[in-house]
$ cat target.cif   # mmCIF, N, CA and C atoms and all ligand atoms
data_coords
loop_
_atom_site.label_atom_id
_atom_site.label_comp_id
_atom_site.auth_asym_id
_atom_site.auth_seq_id
_atom_site.Cartn_x
_atom_site.Cartn_y
_atom_site.Cartn_z
N MET A 1 0.84 -1.20 0.00
CA MET A 1 0.00 0.00 0.00
C MET A 1 0.87 1.24 0.00
N LYS A 2 1.83 1.27 -0.87
CA LYS A 2 2.71 2.42 -0.88
C LYS A 2 1.98 3.67 -1.34
N ALA A 3 0.96 3.47 -2.16
CA ALA A 3 0.22 4.62 -2.67
C ALA A 3 -0.46 5.38 -1.55
N ALA A 4 -0.82 4.67 -0.52
CA ALA A 4 -1.51 5.32 0.60
C ALA A 4 -0.57 6.18 1.42
N TRP A 5 0.69 5.98 1.17
CA TRP A 5 1.71 6.68 1.94
C TRP A 5 1.59 8.19 1.92
N GLY A 6 1.70 8.73 0.74
CA GLY A 6 1.65 10.17 0.60
C GLY A 6 0.35 10.73 1.12
N PHE A 7 -0.69 10.03 0.82
CA PHE A 7 -2.00 10.47 1.27
C PHE A 7 -2.06 10.53 2.79
N ALA A 8 -1.59 9.49 3.41
CA ALA A 8 -1.64 9.43 4.87
C ALA A 8 -0.77 10.52 5.48
N ALA A 9 0.38 10.74 4.85
CA ALA A 9 1.29 11.74 5.40
C ALA A 9 0.66 13.11 5.34
N ILE A 10 -0.06 13.37 4.28
CA ILE A 10 -0.73 14.65 4.14
C ILE A 10 -1.88 14.75 5.14
N GLY A 11 -2.58 13.66 5.27
CA GLY A 11 -3.69 13.63 6.21
C GLY A 11 -3.23 13.90 7.62
N MET A 12 -1.98 13.54 7.86
CA MET A 12 -1.37 13.72 9.17
C MET A 12 -1.43 15.15 9.64
N ILE A 13 -1.36 16.03 8.67
CA ILE A 13 -1.30 17.45 9.01
C ILE A 13 -2.69 18.00 9.33
N ALA A 14 -3.66 17.24 8.96
CA ALA A 14 -5.03 17.69 9.15
C ALA A 14 -5.40 17.79 10.63
N THR A 15 -6.61 18.13 10.87
CA THR A 15 -7.06 18.39 12.23
C THR A 15 -7.03 17.16 13.11
N ALA A 16 -7.11 17.42 14.37
CA ALA A 16 -6.98 16.34 15.35
C ALA A 16 -8.18 15.41 15.32
N LEU A 17 -7.85 14.14 15.47
CA LEU A 17 -8.89 13.14 15.62
C LEU A 17 -8.34 12.14 16.62
N ALA A 18 -8.58 12.41 17.84
CA ALA A 18 -8.01 11.55 18.89
C ALA A 18 -8.77 10.25 18.97
N VAL A 19 -8.06 9.19 18.80
CA VAL A 19 -8.68 7.87 18.87
C VAL A 19 -7.89 7.02 19.86
N PRO A 20 -8.10 7.23 21.12
CA PRO A 20 -7.36 6.42 22.08
C PRO A 20 -7.77 4.96 21.96
N GLY A 21 -6.78 4.12 21.93
CA GLY A 21 -7.06 2.70 21.83
C GLY A 21 -7.39 2.13 23.18
N PRO A 22 -7.83 0.90 23.18
CA PRO A 22 -8.15 0.26 24.45
C PRO A 22 -6.87 0.01 25.26
N ARG A 23 -6.97 0.17 26.52
CA ARG A 23 -5.82 -0.12 27.37
C ARG A 23 -5.94 -1.56 27.85
N GLU A 24 -4.88 -2.25 27.76
CA GLU A 24 -4.92 -3.65 28.15
C GLU A 24 -4.11 -3.85 29.41
N SER A 25 -4.70 -4.49 30.36
CA SER A 25 -4.01 -4.67 31.62
C SER A 25 -3.42 -6.08 31.75
N ALA A 26 -3.91 -6.98 30.96
CA ALA A 26 -3.40 -8.35 31.05
C ALA A 26 -2.32 -8.56 29.99
N ALA A 27 -1.43 -9.45 30.28
CA ALA A 27 -0.35 -9.74 29.35
C ALA A 27 -0.62 -11.05 28.61
N PRO A 28 -1.04 -10.95 27.38
CA PRO A 28 -1.24 -12.18 26.60
C PRO A 28 0.10 -12.84 26.32
N ALA A 29 0.08 -14.10 26.04
CA ALA A 29 1.32 -14.85 25.85
C ALA A 29 2.16 -14.25 24.72
N GLY A 30 1.51 -13.73 23.72
CA GLY A 30 2.23 -13.20 22.57
C GLY A 30 2.84 -11.84 22.78
N GLY A 31 2.64 -11.29 23.95
CA GLY A 31 3.22 -9.98 24.23
C GLY A 31 2.15 -8.96 24.53
N ARG A 32 2.58 -7.87 25.10
CA ARG A 32 1.65 -6.81 25.44
C ARG A 32 1.32 -5.98 24.22
N VAL A 33 0.14 -5.43 24.23
CA VAL A 33 -0.32 -4.68 23.07
C VAL A 33 -0.29 -3.19 23.36
N ILE A 34 0.35 -2.47 22.47
CA ILE A 34 0.39 -1.03 22.55
C ILE A 34 -0.52 -0.49 21.46
N ALA A 35 -1.57 0.16 21.88
CA ALA A 35 -2.46 0.76 20.90
C ALA A 35 -1.90 2.10 20.45
N MET A 36 -2.24 2.48 19.23
CA MET A 36 -1.81 3.78 18.73
C MET A 36 -3.01 4.57 18.25
N GLY A 37 -3.08 5.79 18.69
CA GLY A 37 -4.14 6.68 18.23
C GLY A 37 -3.52 7.77 17.39
N HIS A 38 -4.18 8.90 17.40
CA HIS A 38 -3.63 10.02 16.65
C HIS A 38 -2.59 10.72 17.49
N GLU A 39 -1.35 10.66 17.08
CA GLU A 39 -0.25 11.32 17.77
C GLU A 39 -0.11 10.85 19.21
N MET A 40 -0.41 9.59 19.45
CA MET A 40 -0.24 9.09 20.80
C MET A 40 -0.16 7.57 20.82
N PHE A 41 0.55 7.08 21.81
CA PHE A 41 0.48 5.67 22.14
C PHE A 41 -0.62 5.51 23.18
N GLY A 42 -1.14 4.32 23.28
CA GLY A 42 -2.21 4.07 24.25
C GLY A 42 -1.71 4.13 25.68
N ARG A 43 -0.42 4.07 25.86
CA ARG A 43 0.17 4.21 27.18
C ARG A 43 1.54 4.82 27.00
N SER A 44 2.11 5.32 28.08
CA SER A 44 3.40 5.99 27.97
C SER A 44 4.54 5.12 28.50
N VAL A 45 4.21 4.16 29.33
CA VAL A 45 5.24 3.29 29.91
C VAL A 45 4.74 1.86 29.89
N ILE A 46 5.63 0.95 29.58
CA ILE A 46 5.26 -0.45 29.69
C ILE A 46 6.47 -1.22 30.22
N THR A 47 6.19 -2.17 31.07
CA THR A 47 7.26 -2.99 31.63
C THR A 47 7.07 -4.43 31.19
N ILE A 48 8.12 -4.96 30.65
CA ILE A 48 8.09 -6.35 30.18
C ILE A 48 9.31 -7.07 30.75
N ARG A 49 9.48 -8.30 30.35
CA ARG A 49 10.65 -9.05 30.78
C ARG A 49 11.44 -9.52 29.57
N VAL A 50 12.68 -9.80 29.84
CA VAL A 50 13.53 -10.38 28.80
C VAL A 50 12.81 -11.61 28.22
N GLY A 51 12.79 -11.69 26.92
CA GLY A 51 12.11 -12.80 26.26
C GLY A 51 10.74 -12.43 25.74
N ASP A 52 10.23 -11.27 26.17
CA ASP A 52 8.91 -10.83 25.72
C ASP A 52 8.99 -10.13 24.37
N HIS A 53 7.83 -10.05 23.74
CA HIS A 53 7.65 -9.23 22.55
C HIS A 53 6.70 -8.10 22.94
N LEU A 54 6.62 -7.12 22.09
CA LEU A 54 5.55 -6.12 22.19
C LEU A 54 4.77 -6.18 20.89
N THR A 55 3.49 -5.93 21.01
CA THR A 55 2.65 -5.83 19.81
C THR A 55 2.14 -4.40 19.70
N PHE A 56 2.28 -3.83 18.51
CA PHE A 56 1.76 -2.49 18.27
C PHE A 56 0.55 -2.59 17.35
N ALA A 57 -0.53 -2.01 17.77
CA ALA A 57 -1.77 -2.08 17.00
C ALA A 57 -2.21 -0.67 16.62
N ASN A 58 -2.24 -0.41 15.34
CA ASN A 58 -2.61 0.92 14.87
C ASN A 58 -4.08 0.95 14.48
N GLY A 59 -4.91 1.33 15.42
CA GLY A 59 -6.33 1.44 15.16
C GLY A 59 -6.71 2.84 14.71
N SER A 60 -5.73 3.68 14.55
CA SER A 60 -6.01 5.06 14.15
C SER A 60 -6.04 5.15 12.63
N ALA A 61 -6.41 6.30 12.15
CA ALA A 61 -6.46 6.53 10.71
C ALA A 61 -5.13 7.07 10.22
N TRP A 62 -4.12 7.05 11.06
CA TRP A 62 -2.87 7.72 10.77
C TRP A 62 -1.73 6.76 10.53
N LEU A 63 -0.80 7.26 9.79
CA LEU A 63 0.44 6.52 9.58
C LEU A 63 1.40 6.86 10.72
N HIS A 64 2.03 5.83 11.24
CA HIS A 64 3.06 6.05 12.26
C HIS A 64 4.35 5.38 11.80
N VAL A 65 5.44 5.98 12.13
CA VAL A 65 6.75 5.42 11.80
C VAL A 65 7.51 5.24 13.11
N LEU A 66 7.50 4.02 13.59
CA LEU A 66 8.09 3.73 14.90
C LEU A 66 9.59 3.57 14.78
N VAL A 67 10.29 4.29 15.63
CA VAL A 67 11.75 4.22 15.66
C VAL A 67 12.21 4.30 17.11
N PRO A 68 13.42 3.80 17.38
CA PRO A 68 13.98 4.03 18.70
C PRO A 68 14.36 5.51 18.82
N GLY A 69 14.01 6.12 19.93
CA GLY A 69 14.37 7.52 20.10
C GLY A 69 13.27 8.29 20.82
N ARG A 70 13.42 9.60 20.80
CA ARG A 70 12.46 10.49 21.45
C ARG A 70 12.24 11.70 20.56
N GLY A 71 11.08 12.29 20.70
CA GLY A 71 10.80 13.54 19.99
C GLY A 71 10.95 13.42 18.49
N ALA A 72 10.54 12.27 17.95
CA ALA A 72 10.57 12.01 16.50
C ALA A 72 11.98 11.82 15.96
N ARG A 73 12.96 11.82 16.83
CA ARG A 73 14.35 11.67 16.36
C ARG A 73 14.86 10.27 16.64
N GLN A 74 15.22 9.62 15.58
CA GLN A 74 15.72 8.25 15.70
C GLN A 74 17.12 8.26 16.30
N ASP A 75 17.35 7.38 17.23
CA ASP A 75 18.69 7.26 17.78
C ASP A 75 19.05 5.78 17.93
N SER A 76 20.20 5.54 18.46
CA SER A 76 20.68 4.18 18.63
C SER A 76 20.52 3.77 20.08
N GLN A 77 19.87 2.66 20.29
CA GLN A 77 19.69 2.18 21.65
C GLN A 77 20.13 0.73 21.71
N PRO A 78 21.42 0.55 22.00
CA PRO A 78 21.96 -0.81 22.04
C PRO A 78 21.17 -1.70 22.99
N GLY A 79 20.89 -2.89 22.53
CA GLY A 79 20.15 -3.82 23.36
C GLY A 79 18.69 -3.93 22.96
N MET A 80 18.25 -2.95 22.21
CA MET A 80 16.86 -2.96 21.78
C MET A 80 16.72 -3.74 20.47
N PRO A 81 15.67 -4.54 20.33
CA PRO A 81 15.50 -5.23 19.05
C PRO A 81 15.31 -4.24 17.91
N ARG A 82 15.85 -4.57 16.76
CA ARG A 82 15.66 -3.68 15.62
C ARG A 82 14.19 -3.65 15.22
N LEU A 83 13.76 -2.49 14.77
CA LEU A 83 12.34 -2.33 14.46
C LEU A 83 12.04 -2.52 12.99
N GLY A 84 13.06 -2.83 12.22
CA GLY A 84 12.84 -3.04 10.80
C GLY A 84 14.14 -2.87 10.05
N PRO A 85 14.07 -2.93 8.73
CA PRO A 85 15.27 -2.83 7.90
C PRO A 85 16.08 -1.56 8.18
N ARG A 86 15.41 -0.47 8.44
CA ARG A 86 16.10 0.77 8.78
C ARG A 86 15.90 1.10 10.24
N ASN A 87 15.66 0.06 10.99
CA ASN A 87 15.35 0.23 12.41
C ASN A 87 14.12 1.12 12.57
N ALA A 88 13.19 0.92 11.67
CA ALA A 88 11.94 1.67 11.70
C ALA A 88 10.81 0.75 11.25
N HIS A 89 9.64 0.99 11.79
CA HIS A 89 8.47 0.23 11.35
C HIS A 89 7.38 1.19 10.90
N LEU A 90 6.96 1.02 9.66
CA LEU A 90 5.88 1.85 9.12
C LEU A 90 4.56 1.18 9.46
N SER A 91 3.73 1.91 10.16
CA SER A 91 2.47 1.34 10.62
C SER A 91 1.30 2.12 10.06
N GLU A 92 0.60 1.47 9.15
CA GLU A 92 -0.57 2.11 8.57
C GLU A 92 -1.80 1.70 9.37
N HIS A 93 -2.89 2.36 9.02
CA HIS A 93 -4.16 2.03 9.67
C HIS A 93 -4.42 0.52 9.62
N GLY A 94 -4.75 -0.04 10.76
CA GLY A 94 -5.08 -1.46 10.80
C GLY A 94 -3.88 -2.37 11.02
N ASP A 95 -2.71 -1.78 11.01
CA ASP A 95 -1.49 -2.58 11.18
C ASP A 95 -1.42 -3.16 12.59
N ARG A 96 -1.02 -4.40 12.65
CA ARG A 96 -0.77 -5.05 13.94
C ARG A 96 0.57 -5.74 13.80
N TRP A 97 1.51 -5.31 14.60
CA TRP A 97 2.89 -5.71 14.39
C TRP A 97 3.55 -6.14 15.69
N ILE A 98 4.26 -7.24 15.62
CA ILE A 98 4.92 -7.78 16.80
C ILE A 98 6.42 -7.54 16.68
N THR A 99 6.99 -6.98 17.70
CA THR A 99 8.43 -6.70 17.68
C THR A 99 9.22 -7.99 17.80
N GLY A 100 10.52 -7.86 17.62
CA GLY A 100 11.41 -8.96 17.94
C GLY A 100 11.46 -9.13 19.45
N VAL A 101 12.22 -10.10 19.86
CA VAL A 101 12.35 -10.37 21.30
C VAL A 101 13.20 -9.29 21.97
N TRP A 102 12.73 -8.85 23.10
CA TRP A 102 13.51 -7.92 23.92
C TRP A 102 14.42 -8.78 24.79
N SER A 103 15.70 -8.67 24.58
CA SER A 103 16.60 -9.63 25.20
C SER A 103 17.60 -9.02 26.18
N VAL A 104 17.62 -7.70 26.27
CA VAL A 104 18.59 -7.05 27.17
C VAL A 104 17.83 -6.16 28.16
N PRO A 105 17.98 -6.42 29.44
CA PRO A 105 17.30 -5.57 30.43
C PRO A 105 17.73 -4.12 30.29
N GLY A 106 16.81 -3.24 30.57
CA GLY A 106 17.13 -1.82 30.48
C GLY A 106 15.88 -1.01 30.21
N THR A 107 16.09 0.26 29.97
CA THR A 107 15.00 1.19 29.67
C THR A 107 15.23 1.75 28.27
N TYR A 108 14.21 1.68 27.47
CA TYR A 108 14.32 2.09 26.07
C TYR A 108 13.17 3.03 25.73
N PHE A 109 13.37 3.76 24.63
CA PHE A 109 12.32 4.69 24.22
C PHE A 109 12.00 4.51 22.75
N ILE A 110 10.72 4.54 22.47
CA ILE A 110 10.25 4.47 21.09
C ILE A 110 9.43 5.72 20.80
N THR A 111 9.70 6.31 19.66
CA THR A 111 8.93 7.47 19.25
C THR A 111 8.42 7.25 17.84
N CYS A 112 7.72 8.24 17.32
CA CYS A 112 7.21 8.17 15.95
C CYS A 112 7.86 9.32 15.18
N GLN A 113 8.38 9.01 14.03
CA GLN A 113 9.07 10.04 13.27
C GLN A 113 8.13 11.12 12.76
N LEU A 114 6.86 10.83 12.75
CA LEU A 114 5.91 11.82 12.25
C LEU A 114 5.24 12.60 13.38
N HIS A 115 5.32 12.06 14.57
CA HIS A 115 4.63 12.67 15.70
C HIS A 115 5.58 12.75 16.90
N PRO A 116 6.25 13.89 17.03
CA PRO A 116 7.26 14.03 18.09
C PRO A 116 6.71 13.78 19.49
N GLU A 117 5.43 14.03 19.67
CA GLU A 117 4.87 13.86 21.01
C GLU A 117 4.65 12.41 21.39
N MET A 118 4.81 11.53 20.43
CA MET A 118 4.62 10.11 20.73
C MET A 118 5.88 9.56 21.40
N LEU A 119 5.70 9.06 22.61
CA LEU A 119 6.85 8.51 23.34
C LEU A 119 6.39 7.33 24.19
N LEU A 120 7.04 6.23 23.97
CA LEU A 120 6.76 5.04 24.78
C LEU A 120 8.05 4.62 25.46
N GLU A 121 7.98 4.52 26.77
CA GLU A 121 9.13 4.03 27.53
C GLU A 121 8.93 2.54 27.77
N VAL A 122 9.92 1.77 27.39
CA VAL A 122 9.85 0.31 27.55
C VAL A 122 10.87 -0.10 28.59
N ARG A 123 10.40 -0.63 29.66
CA ARG A 123 11.30 -1.10 30.73
C ARG A 123 11.36 -2.62 30.64
N VAL A 124 12.56 -3.10 30.45
CA VAL A 124 12.74 -4.55 30.29
C VAL A 124 13.43 -5.09 31.54
N LEU A 125 12.72 -5.94 32.23
CA LEU A 125 13.26 -6.55 33.44
C LEU A 125 13.98 -7.84 33.10
N PRO A 126 14.93 -8.21 33.93
CA PRO A 126 15.59 -9.51 33.72
C PRO A 126 14.56 -10.64 33.77
N ALA A 127 14.85 -11.67 33.04
CA ALA A 127 13.91 -12.79 32.97
C ALA A 127 13.75 -13.46 34.31
N THR A 128 14.79 -13.37 35.12
CA THR A 128 14.75 -14.07 36.40
C THR A 128 14.06 -13.27 37.48
N SER A 129 13.71 -12.03 37.16
CA SER A 129 13.07 -11.20 38.17
C SER A 129 11.77 -11.82 38.64
N THR A 130 11.55 -11.75 39.93
CA THR A 130 10.29 -12.26 40.46
C THR A 130 9.29 -11.15 40.64
N ALA A 131 9.77 -9.93 40.38
CA ALA A 131 8.85 -8.80 40.50
C ALA A 131 7.78 -8.90 39.42
N ARG A 132 6.60 -8.57 39.77
CA ARG A 132 5.53 -8.59 38.77
C ARG A 132 5.73 -7.43 37.79
N ALA A 133 5.44 -7.70 36.58
CA ALA A 133 5.54 -6.64 35.57
C ALA A 133 4.49 -5.58 35.89
N VAL A 134 4.96 -4.37 35.91
CA VAL A 134 4.06 -3.26 36.24
C VAL A 134 4.04 -2.31 35.06
N HIS A 135 2.91 -1.83 34.74
CA HIS A 135 2.86 -0.83 33.67
C HIS A 135 1.86 0.23 34.07
N SER A 136 2.21 1.44 33.80
CA SER A 136 1.33 2.54 34.12
C SER A 136 0.66 3.03 32.86
N ASN A 137 -0.50 3.55 33.06
CA ASN A 137 -1.23 4.07 31.90
C ASN A 137 -0.77 5.47 31.56
N ALA A 138 -0.97 5.84 30.35
CA ALA A 138 -0.55 7.17 29.92
C ALA A 138 -1.41 8.21 30.62
CU CU B 201 2.87 8.72 14.48
#
$ encode --input "target.cif" --output "structure tokens"
Amino acid sequence: MKAAWGFAAIGMIATALAVPGPRESAAPAGGRVIAMGHEMFGRSVITIRVGDHLTFANGSAWLHVLVPGRGARQDSQPGMPRLGPRNAHLSEHGDRWITGVWSVPGTYFITCQLHPEMLLEVRVLPATSTARAVHSNA
């Protein structure tokens, strides 16, 4: 759907249409789900464990370009799974995408290259941790 690209990018500039996704409190086996709305993630912080995946679900009408970094600026975050060929994932409306395995404990940040205000903090706990995974809502 490359043709939709330009259209979506232009639509991006249009007026606000906030579509907050559902917040999920349970952790399905396949990984936690991060919903994406207009210029926002469904939550701002998520805590997972080594060996987990994250799932990003774009229920918004907008294109998002997920990259490691903050404020729409891609950076390098050693230990974080790559998000795609250019360490970026293009997420169109309806996209549901599962990341690679998070294998290094630490704190990481994901932003959207089109929406600087989009920021997700991913806290990865050691696999051996007995602490319950905690996540706060945005
Ligand atoms: Cu975006």
$ atom_distance --input "target.cif" --atom1 "CA of Asn87 in chain A" --atom2 "atom C of Arg73 in chain A"
10.9 Å
$ residues_near_ligand --input "target.cif" --ligand "ligand CU 201 (chain B)" --cutoff "9 Å" --atoms "only C-alpha atoms and all ligand atoms" --output "list in words"
Met12, Met36, Gly37, His38, Glu39, Met40, Phe41, Trp62, Leu63, His64, Val65, Leu66, Ala72, Ser91, Thr111, Cys112, Gln113, Leu114, His115, Pro116, Glu117 and Met118 of chain A
$ write_last_selection --input "target.cif" --atoms "N, CA and C atoms" --output "PDB file, in the frame of the given file"
ATOM      1  N   MET A  12      -1.980  13.540   7.860  1.00  0.00           N
ATOM      2  CA  MET A  12      -1.370  13.720   9.170  1.00  0.00           C
ATOM      3  C   MET A  12      -1.430  15.150   9.640  1.00  0.00           C
ATOM      4  N   MET A  36      -2.240   2.480  19.230  1.00  0.00           N
ATOM      5  CA  MET A  36      -1.810   3.780  18.730  1.00  0.00           C
ATOM      6  C   MET A  36      -3.010   4.570  18.250  1.00  0.00           C
ATOM      7  N   GLY A  37      -3.080   5.790  18.690  1.00  0.00           N
ATOM      8  CA  GLY A  37      -4.140   6.680  18.230  1.00  0.00           C
ATOM      9  C   GLY A  37      -3.520   7.770  17.390  1.00  0.00           C
ATOM     10  N   HIS A  38      -4.180   8.900  17.400  1.00  0.00           N
ATOM     11  CA  HIS A  38      -3.630  10.020  16.650  1.00  0.00           C
ATOM     12  C   HIS A  38      -2.590  10.720  17.490  1.00  0.00           C
ATOM     13  N   GLU A  39      -1.350  10.660  17.080  1.00  0.00           N
ATOM     14  CA  GLU A  39      -0.250  11.320  17.770  1.00  0.00           C
ATOM     15  C   GLU A  39      -0.110  10.850  19.210  1.00  0.00           C
ATOM     16  N   MET A  40      -0.410   9.590  19.450  1.00  0.00           N
ATOM     17  CA  MET A  40      -0.240   9.090  20.800  1.00  0.00           C
ATOM     18  C   MET A  40      -0.160   7.570  20.820  1.00  0.00           C
ATOM     19  N   PHE A  41       0.550   7.080  21.810  1.00  0.00           N
ATOM     20  CA  PHE A  41       0.480   5.670  22.140  1.00  0.00           C
ATOM     21  C   PHE A  41      -0.620   5.510  23.180  1.00  0.00           C
ATOM     22  N   TRP A  62      -4.120   7.050  11.060  1.00  0.00           N
ATOM     23  CA  TRP A  62      -2.870   7.720  10.770  1.00  0.00           C
ATOM     24  C   TRP A  62      -1.730   6.760  10.530  1.00  0.00           C
ATOM     25  N   LEU A  63      -0.800   7.260   9.790  1.00  0.00           N
ATOM     26  CA  LEU A  63       0.440   6.520   9.580  1.00  0.00           C
ATOM     27  C   LEU A  63       1.400   6.860  10.720  1.00  0.00           C
ATOM     28  N   HIS A  64       2.030   5.830  11.240  1.00  0.00           N
ATOM     29  CA  HIS A  64       3.060   6.050  12.260  1.00  0.00           C
ATOM     30  C   HIS A  64       4.350   5.380  11.800  1.00  0.00           C
ATOM     31  N   VAL A  65       5.440   5.980  12.130  1.00  0.00           N
ATOM     32  CA  VAL A  65       6.750   5.420  11.800  1.00  0.00           C
ATOM     33  C   VAL A  65       7.510   5.240  13.110  1.00  0.00           C
ATOM     34  N   LEU A  66       7.500   4.020  13.590  1.00  0.00           N
ATOM     35  CA  LEU A  66       8.090   3.730  14.900  1.00  0.00           C
ATOM     36  C   LEU A  66       9.590   3.570  14.780  1.00  0.00           C
ATOM     37  N   ALA A  72      10.540  12.270  17.950  1.00  0.00           N
ATOM     38  CA  ALA A  72      10.570  12.010  16.500  1.00  0.00           C
ATOM     39  C   ALA A  72      11.980  11.820  15.960  1.00  0.00           C
ATOM     40  N   SER A  91       3.730   1.910  10.160  1.00  0.00           N
ATOM     41  CA  SER A  91       2.470   1.340  10.620  1.00  0.00           C
ATOM     42  C   SER A  91       1.300   2.120  10.060  1.00  0.00           C
ATOM     43  N   THR A 111       9.700   6.310  19.660  1.00  0.00           N
ATOM     44  CA  THR A 111       8.930   7.470  19.250  1.00  0.00           C
ATOM     45  C   THR A 111       8.420   7.250  17.840  1.00  0.00           C
ATOM     46  N   CYS A 112       7.720   8.240  17.320  1.00  0.00           N
ATOM     47  CA  CYS A 112       7.210   8.170  15.950  1.00  0.00           C
ATOM     48  C   CYS A 112       7.860   9.320  15.180  1.00  0.00           C
ATOM     49  N   GLN A 113       8.380   9.010  14.030  1.00  0.00           N
ATOM     50  CA  GLN A 113       9.070  10.040  13.270  1.00  0.00           C
ATOM     51  C   GLN A 113       8.130  11.120  12.760  1.00  0.00           C
ATOM     52  N   LEU A 114       6.860  10.830  12.750  1.00  0.00           N
ATOM     53  CA  LEU A 114       5.910  11.820  12.250  1.00  0.00           C
ATOM     54  C   LEU A 114       5.240  12.600  13.380  1.00  0.00           C
ATOM     55  N   HIS A 115       5.320  12.060  14.570  1.00  0.00           N
ATOM     56  CA  HIS A 115       4.630  12.670  15.700  1.00  0.00           C
ATOM     57  C   HIS A 115       5.580  12.750  16.900  1.00  0.00           C
ATOM     58  N   PRO A 116       6.250  13.890  17.030  1.00  0.00           N
ATOM     59  CA  PRO A 116       7.260  14.030  18.090  1.00  0.00           C
ATOM     60  C   PRO A 116       6.710  13.780  19.490  1.00  0.00           C
ATOM     61  N   GLU A 117       5.430  14.030  19.670  1.00  0.00           N
ATOM     62  CA  GLU A 117       4.870  13.860  21.010  1.00  0.00           C
ATOM     63  C   GLU A 117       4.650  12.410  21.390  1.00  0.00           C
ATOM     64  N   MET A 118       4.810  11.530  20.430  1.00  0.00           N
ATOM     65  CA  MET A 118       4.620  10.110  20.730  1.00  0.00           C
ATOM     66  C   MET A 118       5.880   9.560  21.400  1.00  0.00           C
TER      67      MET A 118
END
$ residues_near_point --input "target.cif" --point "(15.0, 0.2, 22.0)" --cutoff "5 Å" --atoms "only N, CA and C atoms" --output "list in words"
Met80, Tyr108 and Phe109 of chain A
$ residues_near_point --input "target.cif" --point "(17.4, -8.4, 25.0)" --cutoff "12 Å" --atoms "only C-alpha atoms" --output "list in words"
Ile48, Arg49, Val50, Gly51, Asp52, His53, Gln77, Pro78, Gly79, Met80, Pro81, Arg82, Thr99, Gly100, Val101, Trp102, Ser103, Val104, Pro105, Gly106, Thr107, Tyr108, Val122, Arg123, Val124, Leu125, Pro126 and Ala127 of chain A
$ atom_distance --input "target.cif" --atom1 "CA of Leu120 in chain A" --atom2 "CA of Gly42 in chain A"
9.0 Å
$ closest_residue --input "target.cif" --among "A:Arg43, A:Ala88, A:Thr128, A:Asp95" --to "Asp75 in chain A" --atoms "only C-alpha atoms"
A:Ala88
$ closest_residue --input "target.cif" --among "A:Ile110, A:Ile46, A:Leu90, A:Ala35" --to "Val67 in chain A" --atoms "only N, CA and C atoms"
A:Ile110
